[in-house]
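Working notes, beginning with the structure itself.
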Amino acid sequence: MPEITGVGVSPGRAVAPLVRMPEPVAEPPSDAVLPAGADVAGESERVAAAAEEVRQDLERRAARAHGDGQAVLEATALMAADPTLVSAAQKRVADGTDTSRAVWDAAAEVTTMLESLGGYMAERARDVADVRDRVVAVLNGRPAPGVPQRDEPFVLAARDLAPADTATLDPATCVALVTAEGGPTSHTAILARSLGLPAVVAASGVLDIAEAALVLVDGAAGSIETDPSPEQVRKVEAARGRERHFDGTGRTADGHRVQLLANVGDGASAVAAAEMGAEGVGLFRTEFCFLDRADEPTVDDQAAAYEAVLSPFSGRKVVVRTLDAGADKPLPFLTDASEENPALGVRGYRTTVRHPEVLEHQLEAIARAGERSGADVWVMAPMVSTAGETEQFVATAHRHGVRTAGVMVEVPAAALAADAVMQRVAFASIGTNDLTQYAMAADRLLGDLAGLNDPWQPAALQLVRFTAEAGARLDRPVGVCGEAAADPALSVVLVGLGVTSLSMTPRAIADVAEVLLSVSRDECVRLAGLALAAPDARSARAAVRAELPVLDDLGL
């Protein structure tokens, strides 16, 4: 079949047989009953046997998983071993309910009971739904839901991937991800970048590829090719075997410095980033301390959590983003979940209008954590639109003892007024995810608009240029901390536009470092000009990649 194209969200190339995600388990008809003369005792025993099969399978998967994935599967296996679900289902079977429907209704009963208990037990309701789906799949002779288990390398194809689907994903065997839906900021994209897996989303037609067909996935070009030639396979395998090296100093071939930093969200990811050689942190997402909470965490709690992130980078730069609540990250004590258009609503810095105390408390905690950790703390506010907001935030940060204060440029208005904004800050950092979304009027959560929501869009790159040039005129550093920085080809363009630092998932740092070392600063400027002159994102990407032969050598 012809080459399928989508949106490349994680660069790299991989070749392997395609394996499809099983379709979700469908809810049985609500009025389904056992046929006349059915063996009720036998059907009841089938429920117990299916639950036991699920328990054993989950325990086997847990033994092969690591970290969070292992914990998730172990908890689910315990739920499968609990007799409550089985006995409730067997009671319904005895009353004549269809076996699969009995399991479904019994799971709903158990879920309601757990949710009424609240706290930890309420969280286990999700495990019940997982067990339910697995038991129903066994009863109907279907594959278990979740990522398929294979001993040989494969490319995973799915309509889309939910967070729970990835609990057992092993990058040693799953070498690439392709989805028919999703966008550049979907869970699939974020997971693929964090694991260093090539990935393509919004690839309509990918589910029409035959199971086990050999495919070549190009995560930068956004393509999936069936039946690649032996020469193509050889080149991909040779590139995958090439080691990457990063000596800790990001620069171009002629020595132009570009700081290569990491995006982190908690202490564990900060430690991992430091071990991978990141020069510092360009984006510390502080939301992790606030999520799944009904009220604001105390200053002491925040300070302790922040210190765990700052300490691995003692003496080095850590850029802390204040709370980016709202839109797809609602918080019950701070944001209004009923907003009709939350992406254009009260989010980020705008929440301080009604709740200034939340920012005050956070800055107090950041300053305290900075003193204890010894890190060089920079702080920035998200969703700033005007020079006036900029001035207010910087003054508030200074009042709390945080001297290096800046803003995120993710609203086109801030980029267009970059001279006025940059006069009031020590630095700026560009969030390409939202900047592209707002520039293209395309919701970044909608897979149908994934083609527009591409950081290679020339219009979005123009806004990056405006900001970087204003920073250069005023001697203010301007970084990029959006996912665009993790694309080695796009990193060259960003440097050519005047960006001084790039912050990304730590796994991308070595690739970006090698590509930058292959070009001079003048070549970066020339390639940036090609991208700006292109008519659309796909043309911009193709024009620049054609001028970077190192990408083929690295399999990017």
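Letters A, B, ... mark the chains of the structure tokens in the order given; residue numbers begin at 1 per chain; ligand numbers begin at 1, in order shown.
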Self-check item: Distance query Gly205 of chain A at most 12 Å, only C-alpha atoms, self and fewer than 5 positions along chain excluded, as a PyMOL selection string
Solution: chain A and resi 1-6+157-159+178-181+210+223-225
Practice problem: Skip Met422 of chain A itself and residues of its chain fewer than 2 positions away, then list as a PyMOL selection string all residues within 8 Å of it, counting only C-alpha atoms. | Solution: chain A and resi 418-420+424-428+470-471+474+476
Practice problem: Would you please work out which residue, of A:Ala129, A:Val478, A:Ala48, A:Ala75, is nearest to Lys91 of chain A when using only C-alpha atoms? | Solution: A:Ala48
Quiz prompt | Residue contacts of Ala94 of chain A (8 Å, only C-alpha atoms) excluding same-chain residues fewer than 3 positions away, as a count of residues only | solution = 6
Practice problem: Kindly indicate which residue among A:Leu516, A:Val258, A:Ala486, A:Leu435 lies nearest to Ile190 of chain A, using only C-alpha atoms for the distances. | Solution: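 Residue with the minimum atom-to-atom distance to Ile190 of chain A: A:Ala486.
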Practice problem: Excluding segment 274-278 of chain A and residues on its chain fewer than 3 positions from it, collect all residues at most 10 Å away from it, counting only C-alpha atoms, and give them as a list in words. | Solution: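 These residues fall inside the cut-off: Phe246, Asp247, Gly248, Thr249, Gly250, Gln259, Leu260, Leu261, Ala262, Asn263, Ser269, Ala270, Val271, Val281, Gly282, Pro312, Phe313, Ser503, Met504, Thr505, Pro506, Arg507, Ala508, Ile509 and Ala510 of chain A.
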